[in-house]
Amino acid sequence: MKRTVDVSFASLADFNVPGGAGGETLVVFSGEDGALSAQTRALIGAGAEILPRASETAKFKGKVGSSFELLAPAHLNVGRLLVAGVTPGKKTAAEAPEIDFATLGGYVMGKTNGAANVLIALDPADWKGEPASAAADFMMGVKLRAYTFDVYKTKKKEDDDKPNAVKVTIGVVDPEAARRAAQSRDAIADGVQLARSLVNEPANVLFPVEFANRAKALEQVGVSVEILDVEAMTKIGMRTLLSVGQGSAHDSRCVIMRWNGGKPGEPPVAFIGKGVTFDTGGISIKPAAGMEDMKGDMAGAACVTGLMSALAARKAKVNAVGAIGIVENMPGGKATRPGDIVTTLSGQTIEIINTDAEGRLVLADVLWYVQDKFKPKFMVDLATLTGAILVALGNEYAGLFSNNDELAERLTKSGLATGEKVWRMPLAPAYEKLVESKFADMKNVGGRHAGSITAAQILQKFVNDVPWAHLDIAGTGMSSPQTDINQSWGSGWGVRLLDRLVADHYEA
Ligand code: BES
Ligand code: MN
Ligand code: ZN
């Protein structure tokens with residue numbers, strides 16, 4: 001069952017409230033205490049007269065995140081008039097004083113759910129700010145809200161009267177400028193949706209080779225994609241990554257994606273993702289309850305793939321590397337045993353105490369490989385690494401660990417700007433004692449305490465002097481709270497955050 005949503009811009013001046021049969025929804029915005037702009041007032045004409053009383057009855061104060069609707073308004077030829085608030089208030093996203101237009105777009109889209117034809121009058125008289133970029137952000141929010149993952153739903157529910165095709169027209173003063181500004185937001189929205197779909201796909205469909213194939217498709221937008229198979233990784237010496245996948249019938253892969261939009265020879269920025277297409281825990285097998293969620297244990301790799309797609313599609317002026325380690329963690333006759341000792345690509349050895357602490361093993365080799373091969377400006381890795389980060393931060397913030405204050409600060413700011421928030425956690429030599437091994441250079445788990453920190457501490461042993469940050473997204477990458485712009489289990493978390501980081505600091 002495929003639903004399509006088509007979003008376009010039109011001139012607000014030609015925005016005729018449909019004169020024909022009703023059925024459409026018209027959305028207008030209202031400021032403090034239900035005040036309407038002159039243009040909005042003109043647009044709805046005589047119908048505007050009842051709005052002060054209607055907004056009073058609805059206790060509508062014009063705040064972002066509030067709205068009321070009139071059904072079959074007498075003076076208007078629309079089935080429904082939705083009046084939405086546009087005054088910054090408590091619900092304004094990102095805890096910033098400005099309106100987040102993406103969130104506003106998502107909110108409005110949610111409220112019009114069910115209409116086949118939606119007209120949205122986005123009049124810049126209603127707020128302060130740059131109209132074209134506001135309209136573009138708004139459009140991105142509409143698209144992100146409209147995303148559904150319904151490829152495996154073959155039947156429509158009897159009481160489901162939602163149309164299969166929705167047409168959204170956003171009326172603005174200068175549609176050409178809005179369309180231009182919207183190009184980059186389109187690229188970002190597509191990247192987020194790609195990441196979401198990768199996370200939502202079940203593990204019988206999205207196994208490592210299939211994930212690599214989907215990454216390969218980014219060649220269409222100009223990303224160069226290199227796939228390392230088991231033979232290539234064996235040759236390089238990625239034994240630790242391979243040790244995680246060796247219990248599975250599916251072969252492991254490592255995919256290196258490159259986008260060269262910056263100056264030739266300029267060192268790249270690098271993003272590394274954990275791509276465990278399914279995490280059973282291996283021989284240290286997980287309990288049955290909730291194990292199905294472990295199809296999302298590749299959300300870090302999905303984010304990196306979505307980000308590379310976004311950077312290329314919007315032709316970002318940056319050189320970027322995206323590297324993902326893709327494995328399936330299964331028990332089996334060839335699986336790694338507790339007590340096994342593996343030699344990493346770096347030469348350091350790890351005693352495997354618990355085969356369920358596998359993400360750090362995958363990342364150890366990929367981090368080392370990227371830093372050695374590409375000499376990047378910085379490395380940011382993303383991983384659904386520990387349940388402990390859920391205990392610490394829940395689903396709201398991702399855990400941030402970094403060896404570099406500037407990078408950490410930039411990530412924190414980009415997080416506030418996009419609503420994909422991160423919270424910095426400590427790294428300190430004292431924690432290293434917790435992962436000392438009797439037999440090898442380190443063991444792969446600490447004790448019960450500080451589980452997210454010991455995991456990050458292990459990753460740091462595979463990073464030399466390069467600025468590095470690790471984002472533990474076990475709480476945000478999947479099954480996070482539904483928001484105005486995300487109703488999907490796989491959230492696509494991190495694409496907007498990292499795109500913003502690049503745009504604000506690393507583009508020529
Ligand atoms: N993939 C899990 C972490 C996870 C948990 C992600 C919940 C998303 C939701 C990871 O590989 C794992 O199993 N970590 C263990 C580490 C432990 C064995 C030290 C954990 O968190 O329990
Ligand atoms: Mn695990
Ligand atoms: Zn895992």
# chains A, B, ... in the order shown; residues from 1 in each chain; ligands from 1
$ residues_around --residues "stretch 414-419 of chain A" --least-positions-apart "3" --cutoff "12 Å" --atoms "only C-alpha atoms" --output "PyMOL selection string"
chain A and resi 91-103+137+141+188+396-400+407-411+422-424+471+476+483-486+493-505
$ residues_near_ligand --ligand "ligand 3" --cutoff "12 Å" --atoms "only C-alpha atoms and all ligand atoms" --output "MDAnalysis selection string"
chainID A and resid 244:245 273:282 284:286 291 293:300 326:330 354:363 383:387 455 472:474
$ residues_around --residues "stretch 193-200 of chain A" --least-positions-apart "5" --cutoff "7 Å" --atoms "only C-alpha atoms" --output "list in words"
Phe149, Gly296, Met298, Ala299, Ala302, Cys303, Thr305, Gly306, Trp489, Gly490, Ser491 and Gly492 of chain A
$ select_by_dssp --residues "stretch 178-306 of chain A" --states "alpha helix (DSSP H)" --output "count of residues only"
54
$ residues_around --residues "stretch 29-39 of chain A" --least-positions-apart "4" --cutoff "9 Å" --atoms "only C-alpha atoms" --output "list in words"
Leu12, Ala13, Leu43, Ile44, Ala48, Leu51, Pro52, Ser55, Glu56, Lys59, Phe60, Lys61, Gly62, Lys63, Val64, Ser67, Leu82, Val83, Ala84, Gly85, Val86, Thr87, Ile120, Ala121, Leu122, Asp123, Ala125, Asp126 and Trp127 of chain A
$ residues_around --residues "A:Arg258" --least-positions-apart "6" --cutoff "6 Å" --atoms "only C-alpha atoms" --output "mmCIF file with N, CA, C and O atoms, in the first residue's frame"
data_model
loop_
_atom_site.group_PDB
_atom_site.id
_atom_site.type_symbol
_atom_site.label_atom_id
_atom_site.label_comp_id
_atom_site.auth_asym_id
_atom_site.auth_seq_id
_atom_site.Cartn_x
_atom_site.Cartn_y
_atom_site.Cartn_z
ATOM 1 N N VAL A 223 27.980 9.942 -5.407
ATOM 2 C CA VAL A 223 28.852 9.430 -4.349
ATOM 3 C C VAL A 223 29.660 8.276 -4.943
ATOM 4 O O VAL A 223 29.114 7.453 -5.676
ATOM 5 N N SER A 224 30.968 8.225 -4.662
ATOM 6 C CA SER A 224 31.686 7.025 -5.090
ATOM 7 C C SER A 224 31.640 6.018 -3.946
ATOM 8 O O SER A 224 31.796 6.359 -2.778
ATOM 9 N N ALA A 320 33.828 14.550 1.959
ATOM 10 C CA ALA A 320 33.316 13.755 3.080
ATOM 11 C C ALA A 320 33.486 12.267 2.805
ATOM 12 O O ALA A 320 33.331 11.808 1.676
ATOM 13 N N VAL A 321 33.813 11.540 3.874
ATOM 14 C CA VAL A 321 33.894 10.079 3.818
ATOM 15 C C VAL A 321 32.833 9.519 4.749
ATOM 16 O O VAL A 321 32.677 10.006 5.876
#
$ residues_around --residues "A:Trp259" --least-positions-apart "4" --cutoff "12 Å" --atoms "only C-alpha atoms" --output "PDB file with N, CA, C and O atoms, in the first residue's frame"
ATOM      1  N   LEU A 218      23.851   5.019  -4.114  1.00  0.00           N
ATOM      2  CA  LEU A 218      24.171   6.450  -3.981  1.00  0.00           C
ATOM      3  C   LEU A 218      25.076   6.933  -5.109  1.00  0.00           C
ATOM      4  O   LEU A 218      25.281   8.142  -5.273  1.00  0.00           O
ATOM      5  N   GLU A 219      25.604   5.998  -5.883  1.00  0.00           N
ATOM      6  CA  GLU A 219      26.391   6.410  -7.054  1.00  0.00           C
ATOM      7  C   GLU A 219      25.539   7.271  -7.986  1.00  0.00           C
ATOM      8  O   GLU A 219      26.058   8.135  -8.681  1.00  0.00           O
ATOM      9  N   GLN A 220      24.230   7.039  -7.955  1.00  0.00           N
ATOM     10  CA  GLN A 220      23.317   7.841  -8.792  1.00  0.00           C
ATOM     11  C   GLN A 220      23.346   9.324  -8.460  1.00  0.00           C
ATOM     12  O   GLN A 220      23.040  10.153  -9.311  1.00  0.00           O
ATOM     13  N   VAL A 221      23.656   9.682  -7.210  1.00  0.00           N
ATOM     14  CA  VAL A 221      23.737  11.107  -6.882  1.00  0.00           C
ATOM     15  C   VAL A 221      25.189  11.605  -6.855  1.00  0.00           C
ATOM     16  O   VAL A 221      25.457  12.728  -6.425  1.00  0.00           O
ATOM     17  N   GLY A 222      26.121  10.758  -7.288  1.00  0.00           N
ATOM     18  CA  GLY A 222      27.502  11.221  -7.424  1.00  0.00           C
ATOM     19  C   GLY A 222      28.439  10.820  -6.300  1.00  0.00           C
ATOM     20  O   GLY A 222      29.578  11.298  -6.227  1.00  0.00           O
ATOM     21  N   VAL A 223      27.980   9.942  -5.407  1.00  0.00           N
ATOM     22  CA  VAL A 223      28.852   9.430  -4.349  1.00  0.00           C
ATOM     23  C   VAL A 223      29.660   8.276  -4.943  1.00  0.00           C
ATOM     24  O   VAL A 223      29.114   7.453  -5.676  1.00  0.00           O
ATOM     25  N   SER A 224      30.968   8.225  -4.662  1.00  0.00           N
ATOM     26  CA  SER A 224      31.686   7.025  -5.090  1.00  0.00           C
ATOM     27  C   SER A 224      31.640   6.018  -3.946  1.00  0.00           C
ATOM     28  O   SER A 224      31.796   6.359  -2.778  1.00  0.00           O
ATOM     29  N   VAL A 225      31.348   4.782  -4.305  1.00  0.00           N
ATOM     30  CA  VAL A 225      31.075   3.764  -3.292  1.00  0.00           C
ATOM     31  C   VAL A 225      31.994   2.564  -3.501  1.00  0.00           C
ATOM     32  O   VAL A 225      32.017   1.969  -4.585  1.00  0.00           O
ATOM     33  N   GLU A 226      32.753   2.249  -2.456  1.00  0.00           N
ATOM     34  CA  GLU A 226      33.630   1.080  -2.521  1.00  0.00           C
ATOM     35  C   GLU A 226      33.129   0.060  -1.504  1.00  0.00           C
ATOM     36  O   GLU A 226      32.889   0.404  -0.342  1.00  0.00           O
ATOM     37  N   LYS A 263      37.441  21.403  -1.982  1.00  0.00           N
ATOM     38  CA  LYS A 263      38.664  21.644  -2.746  1.00  0.00           C
ATOM     39  C   LYS A 263      39.420  20.335  -2.913  1.00  0.00           C
ATOM     40  O   LYS A 263      39.544  19.555  -1.968  1.00  0.00           O
ATOM     41  N   PRO A 264      39.975  20.109  -4.111  1.00  0.00           N
ATOM     42  CA  PRO A 264      40.759  18.885  -4.310  1.00  0.00           C
ATOM     43  C   PRO A 264      41.923  18.858  -3.309  1.00  0.00           C
ATOM     44  O   PRO A 264      42.579  19.874  -3.098  1.00  0.00           O
ATOM     45  N   PRO A 267      41.634  17.748   3.251  1.00  0.00           N
ATOM     46  CA  PRO A 267      41.293  16.550   4.037  1.00  0.00           C
ATOM     47  C   PRO A 267      39.777  16.453   4.259  1.00  0.00           C
ATOM     48  O   PRO A 267      39.117  17.464   4.458  1.00  0.00           O
ATOM     49  N   PRO A 268      39.238  15.237   4.216  1.00  0.00           N
ATOM     50  CA  PRO A 268      37.782  15.077   4.346  1.00  0.00           C
ATOM     51  C   PRO A 268      37.315  15.122   5.802  1.00  0.00           C
ATOM     52  O   PRO A 268      38.112  14.936   6.728  1.00  0.00           O
ATOM     53  N   VAL A 269      36.033  15.358   5.976  1.00  0.00           N
ATOM     54  CA  VAL A 269      35.387  15.065   7.250  1.00  0.00           C
ATOM     55  C   VAL A 269      34.911  13.618   7.143  1.00  0.00           C
ATOM     56  O   VAL A 269      34.638  13.144   6.049  1.00  0.00           O
ATOM     57  N   ALA A 270      34.871  12.910   8.278  1.00  0.00           N
ATOM     58  CA  ALA A 270      34.559  11.486   8.193  1.00  0.00           C
ATOM     59  C   ALA A 270      33.480  11.076   9.182  1.00  0.00           C
ATOM     60  O   ALA A 270      33.473  11.507  10.336  1.00  0.00           O
ATOM     61  N   PHE A 271      32.569  10.242   8.696  1.00  0.00           N
ATOM     62  CA  PHE A 271      31.468   9.727   9.506  1.00  0.00           C
ATOM     63  C   PHE A 271      31.497   8.203   9.446  1.00  0.00           C
ATOM     64  O   PHE A 271      31.637   7.616   8.375  1.00  0.00           O
ATOM     65  N   THR A 305      24.669   6.714   5.836  1.00  0.00           N
ATOM     66  CA  THR A 305      24.252   6.555   4.441  1.00  0.00           C
ATOM     67  C   THR A 305      23.305   7.680   4.028  1.00  0.00           C
ATOM     68  O   THR A 305      23.462   8.283   2.958  1.00  0.00           O
ATOM     69  N   LEU A 307      23.093  10.610   5.387  1.00  0.00           N
ATOM     70  CA  LEU A 307      23.861  11.863   5.371  1.00  0.00           C
ATOM     71  C   LEU A 307      24.655  12.018   4.075  1.00  0.00           C
ATOM     72  O   LEU A 307      24.653  13.094   3.461  1.00  0.00           O
ATOM     73  N   MET A 308      25.315  10.953   3.649  1.00  0.00           N
ATOM     74  CA  MET A 308      26.099  11.018   2.408  1.00  0.00           C
ATOM     75  C   MET A 308      25.182  11.313   1.225  1.00  0.00           C
ATOM     76  O   MET A 308      25.533  12.086   0.318  1.00  0.00           O
ATOM     77  N   SER A 309      23.999  10.721   1.250  1.00  0.00           N
ATOM     78  CA  SER A 309      23.015  10.991   0.204  1.00  0.00           C
ATOM     79  C   SER A 309      22.621  12.467   0.214  1.00  0.00           C
ATOM     80  O   SER A 309      22.572  13.130  -0.832  1.00  0.00           O
ATOM     81  N   ALA A 310      22.376  13.022   1.404  1.00  0.00           N
ATOM     82  CA  ALA A 310      21.973  14.431   1.524  1.00  0.00           C
ATOM     83  C   ALA A 310      23.089  15.365   1.055  1.00  0.00           C
ATOM     84  O   ALA A 310      22.844  16.316   0.301  1.00  0.00           O
ATOM     85  N   LEU A 311      24.311  15.099   1.497  1.00  0.00           N
ATOM     86  CA  LEU A 311      25.442  15.971   1.133  1.00  0.00           C
ATOM     87  C   LEU A 311      25.637  15.989  -0.382  1.00  0.00           C
ATOM     88  O   LEU A 311      25.864  17.044  -0.987  1.00  0.00           O
ATOM     89  N   ALA A 312      25.547  14.814  -0.994  1.00  0.00           N
ATOM     90  CA  ALA A 312      25.747  14.733  -2.443  1.00  0.00           C
ATOM     91  C   ALA A 312      24.587  15.387  -3.190  1.00  0.00           C
ATOM     92  O   ALA A 312      24.798  16.154  -4.132  1.00  0.00           O
ATOM     93  N   ALA A 313      23.370  15.104  -2.747  1.00  0.00           N
ATOM     94  CA  ALA A 313      22.195  15.620  -3.461  1.00  0.00           C
ATOM     95  C   ALA A 313      22.105  17.140  -3.375  1.00  0.00           C
ATOM     96  O   ALA A 313      21.582  17.783  -4.274  1.00  0.00           O
ATOM     97  N   ARG A 314      22.627  17.723  -2.298  1.00  0.00           N
ATOM     98  CA  ARG A 314      22.594  19.184  -2.243  1.00  0.00           C
ATOM     99  C   ARG A 314      23.947  19.785  -2.638  1.00  0.00           C
ATOM    100  O   ARG A 314      24.203  20.970  -2.469  1.00  0.00           O
ATOM    101  N   LYS A 315      24.815  18.929  -3.185  1.00  0.00           N
ATOM    102  CA  LYS A 315      26.122  19.343  -3.688  1.00  0.00           C
ATOM    103  C   LYS A 315      26.903  20.168  -2.664  1.00  0.00           C
ATOM    104  O   LYS A 315      27.416  21.263  -2.957  1.00  0.00           O
ATOM    105  N   ALA A 316      27.005  19.633  -1.468  1.00  0.00           N
ATOM    106  CA  ALA A 316      27.715  20.315  -0.379  1.00  0.00           C
ATOM    107  C   ALA A 316      29.172  20.540  -0.768  1.00  0.00           C
ATOM    108  O   ALA A 316      29.817  19.650  -1.335  1.00  0.00           O
ATOM    109  N   LYS A 317      29.683  21.729  -0.441  1.00  0.00           N
ATOM    110  CA  LYS A 317      31.069  22.068  -0.788  1.00  0.00           C
ATOM    111  C   LYS A 317      32.002  21.530   0.281  1.00  0.00           C
ATOM    112  O   LYS A 317      32.623  22.273   1.034  1.00  0.00           O
ATOM    113  N   VAL A 318      32.103  20.227   0.320  1.00  0.00           N
ATOM    114  CA  VAL A 318      32.920  19.584   1.347  1.00  0.00           C
ATOM    115  C   VAL A 318      33.394  18.239   0.803  1.00  0.00           C
ATOM    116  O   VAL A 318      32.732  17.641  -0.054  1.00  0.00           O
ATOM    117  N   ASN A 319      34.562  17.822   1.266  1.00  0.00           N
ATOM    118  CA  ASN A 319      34.984  16.447   1.012  1.00  0.00           C
ATOM    119  C   ASN A 319      34.575  15.616   2.221  1.00  0.00           C
ATOM    120  O   ASN A 319      34.917  15.961   3.345  1.00  0.00           O
ATOM    121  N   ALA A 320      33.828  14.550   1.959  1.00  0.00           N
ATOM    122  CA  ALA A 320      33.316  13.755   3.080  1.00  0.00           C
ATOM    123  C   ALA A 320      33.486  12.267   2.805  1.00  0.00           C
ATOM    124  O   ALA A 320      33.331  11.808   1.676  1.00  0.00           O
ATOM    125  N   VAL A 321      33.813  11.540   3.874  1.00  0.00           N
ATOM    126  CA  VAL A 321      33.894  10.079   3.818  1.00  0.00           C
ATOM    127  C   VAL A 321      32.833   9.519   4.749  1.00  0.00           C
ATOM    128  O   VAL A 321      32.677  10.006   5.876  1.00  0.00           O
ATOM    129  N   GLY A 322      32.099   8.530   4.272  1.00  0.00           N
ATOM    130  CA  GLY A 322      31.175   7.804   5.136  1.00  0.00           C
ATOM    131  C   GLY A 322      31.575   6.336   5.124  1.00  0.00           C
ATOM    132  O   GLY A 322      31.630   5.733   4.054  1.00  0.00           O
ATOM    133  N   ALA A 323      31.868   5.781   6.282  1.00  0.00           N
ATOM    134  CA  ALA A 323      32.330   4.385   6.331  1.00  0.00           C
ATOM    135  C   ALA A 323      31.442   3.600   7.285  1.00  0.00           C
ATOM    136  O   ALA A 323      31.216   4.020   8.424  1.00  0.00           O
TER     137      ALA A 323
END
$ decode --residues "stretch 142-178 of chain A" --atoms "N, CA and C atoms" --output "mmCIF file, in the first residue's frame"
data_model
loop_
_atom_site.group_PDB
_atom_site.id
_atom_site.type_symbol
_atom_site.label_atom_id
_atom_site.label_comp_id
_atom_site.auth_asym_id
_atom_site.auth_seq_id
_atom_site.Cartn_x
_atom_site.Cartn_y
_atom_site.Cartn_z
ATOM 1 N N VAL A 142 6.851 19.169 6.388
ATOM 2 C CA VAL A 142 5.687 18.488 5.800
ATOM 3 C C VAL A 142 6.102 17.119 5.278
ATOM 4 N N LYS A 143 7.222 17.101 4.566
ATOM 5 C CA LYS A 143 7.684 15.823 3.982
ATOM 6 C C LYS A 143 8.075 14.818 5.063
ATOM 7 N N LEU A 144 8.784 15.311 6.082
ATOM 8 C CA LEU A 144 9.228 14.384 7.123
ATOM 9 C C LEU A 144 8.026 13.814 7.880
ATOM 10 N N ARG A 145 7.016 14.650 8.065
ATOM 11 C CA ARG A 145 5.808 14.184 8.737
ATOM 12 C C ARG A 145 5.059 13.155 7.893
ATOM 13 N N ALA A 146 5.086 13.381 6.587
ATOM 14 C CA ALA A 146 4.275 12.558 5.688
ATOM 15 C C ALA A 146 4.888 11.170 5.451
ATOM 16 N N TYR A 147 6.140 10.975 5.881
ATOM 17 C CA TYR A 147 6.804 9.685 5.625
ATOM 18 C C TYR A 147 6.042 8.512 6.250
ATOM 19 N N THR A 148 5.872 7.474 5.465
ATOM 20 C CA THR A 148 5.341 6.235 6.028
ATOM 21 C C THR A 148 6.182 5.070 5.500
ATOM 22 N N PHE A 149 6.224 3.998 6.258
ATOM 23 C CA PHE A 149 6.919 2.792 5.790
ATOM 24 C C PHE A 149 5.856 1.707 5.685
ATOM 25 N N ASP A 150 5.254 1.609 4.501
ATOM 26 C CA ASP A 150 4.109 0.703 4.387
ATOM 27 C C ASP A 150 4.302 -0.335 3.280
ATOM 28 N N VAL A 151 5.580 -0.581 2.915
ATOM 29 C CA VAL A 151 5.831 -1.534 1.829
ATOM 30 C C VAL A 151 5.298 -2.935 2.121
ATOM 31 N N TYR A 152 5.191 -3.279 3.409
ATOM 32 C CA TYR A 152 4.756 -4.646 3.719
ATOM 33 C C TYR A 152 3.296 -4.727 4.155
ATOM 34 N N LYS A 153 2.577 -3.612 4.006
ATOM 35 C CA LYS A 153 1.139 -3.621 4.301
ATOM 36 C C LYS A 153 0.411 -3.854 2.981
ATOM 37 N N THR A 154 -0.133 -5.054 2.817
ATOM 38 C CA THR A 154 -0.770 -5.355 1.534
ATOM 39 C C THR A 154 -2.250 -5.016 1.548
ATOM 40 N N LYS A 155 -2.805 -4.780 2.732
ATOM 41 C CA LYS A 155 -4.251 -4.517 2.804
ATOM 42 C C LYS A 155 -4.511 -3.172 3.454
ATOM 43 N N LYS A 156 -5.545 -2.527 2.970
ATOM 44 C CA LYS A 156 -5.985 -1.283 3.579
ATOM 45 C C LYS A 156 -7.057 -1.630 4.608
ATOM 46 N N LYS A 157 -6.933 -1.051 5.807
ATOM 47 C CA LYS A 157 -7.951 -1.324 6.837
ATOM 48 C C LYS A 157 -9.299 -0.780 6.389
ATOM 49 N N GLU A 158 -10.367 -1.466 6.841
ATOM 50 C CA GLU A 158 -11.707 -1.070 6.414
ATOM 51 C C GLU A 158 -12.046 0.364 6.803
ATOM 52 N N ASP A 159 -11.617 0.771 7.997
ATOM 53 C CA ASP A 159 -11.984 2.107 8.473
ATOM 54 C C ASP A 159 -10.935 3.159 8.073
ATOM 55 N N ASP A 160 -10.012 2.763 7.210
ATOM 56 C CA ASP A 160 -8.985 3.710 6.775
ATOM 57 C C ASP A 160 -9.495 4.473 5.551
ATOM 58 N N ASP A 161 -9.909 5.728 5.782
ATOM 59 C CA ASP A 161 -10.449 6.493 4.666
ATOM 60 C C ASP A 161 -9.446 7.524 4.152
ATOM 61 N N LYS A 162 -8.179 7.370 4.546
ATOM 62 C CA LYS A 162 -7.174 8.324 4.066
ATOM 63 C C LYS A 162 -6.886 8.080 2.583
ATOM 64 N N PRO A 163 -6.717 9.161 1.842
ATOM 65 C CA PRO A 163 -6.466 9.003 0.410
ATOM 66 C C PRO A 163 -5.063 8.440 0.164
ATOM 67 N N ASN A 164 -4.891 7.791 -0.969
ATOM 68 C CA ASN A 164 -3.573 7.243 -1.299
ATOM 69 C C ASN A 164 -2.641 8.292 -1.876
ATOM 70 N N ALA A 165 -3.208 9.363 -2.421
ATOM 71 C CA ALA A 165 -2.373 10.446 -2.945
ATOM 72 C C ALA A 165 -2.811 11.767 -2.320
ATOM 73 N N VAL A 166 -1.860 12.455 -1.729
ATOM 74 C CA VAL A 166 -2.143 13.731 -1.086
ATOM 75 C C VAL A 166 -1.391 14.824 -1.824
ATOM 76 N N LYS A 167 -2.071 15.935 -2.070
ATOM 77 C CA LYS A 167 -1.440 17.051 -2.760
ATOM 78 C C LYS A 167 -1.418 18.234 -1.805
ATOM 79 N N VAL A 168 -0.218 18.711 -1.494
ATOM 80 C CA VAL A 168 -0.071 19.842 -0.585
ATOM 81 C C VAL A 168 0.488 21.021 -1.374
ATOM 82 N N THR A 169 -0.210 22.152 -1.364
ATOM 83 C CA THR A 169 0.287 23.342 -2.046
ATOM 84 C C THR A 169 0.569 24.421 -1.006
ATOM 85 N N ILE A 170 1.811 24.888 -0.983
ATOM 86 C CA ILE A 170 2.186 25.914 -0.013
ATOM 87 C C ILE A 170 2.201 27.257 -0.730
ATOM 88 N N GLY A 171 1.338 28.145 -0.310
ATOM 89 C CA GLY A 171 1.258 29.464 -0.928
ATOM 90 C C GLY A 171 2.241 30.417 -0.260
ATOM 91 N N VAL A 172 3.103 31.020 -1.069
ATOM 92 C CA VAL A 172 4.117 31.950 -0.544
ATOM 93 C C VAL A 172 4.152 33.189 -1.437
ATOM 94 N N VAL A 173 4.870 34.220 -0.985
ATOM 95 C CA VAL A 173 4.926 35.443 -1.764
ATOM 96 C C VAL A 173 5.774 35.256 -3.024
ATOM 97 N N ASP A 174 6.908 34.558 -2.851
ATOM 98 C CA ASP A 174 7.821 34.370 -3.976
ATOM 99 C C ASP A 174 8.113 32.880 -4.160
ATOM 100 N N PRO A 175 7.284 32.189 -4.936
ATOM 101 C CA PRO A 175 7.448 30.734 -5.052
ATOM 102 C C PRO A 175 8.791 30.320 -5.658
ATOM 103 N N GLU A 176 9.317 31.153 -6.570
ATOM 104 C CA GLU A 176 10.599 30.799 -7.196
ATOM 105 C C GLU A 176 11.713 30.749 -6.147
ATOM 106 N N ALA A 177 11.745 31.775 -5.288
ATOM 107 C CA ALA A 177 12.762 31.829 -4.223
ATOM 108 C C ALA A 177 12.578 30.661 -3.259
ATOM 109 N N ALA A 178 11.330 30.339 -2.969
ATOM 110 C CA ALA A 178 11.064 29.223 -2.057
ATOM 111 C C ALA A 178 11.539 27.912 -2.675
#
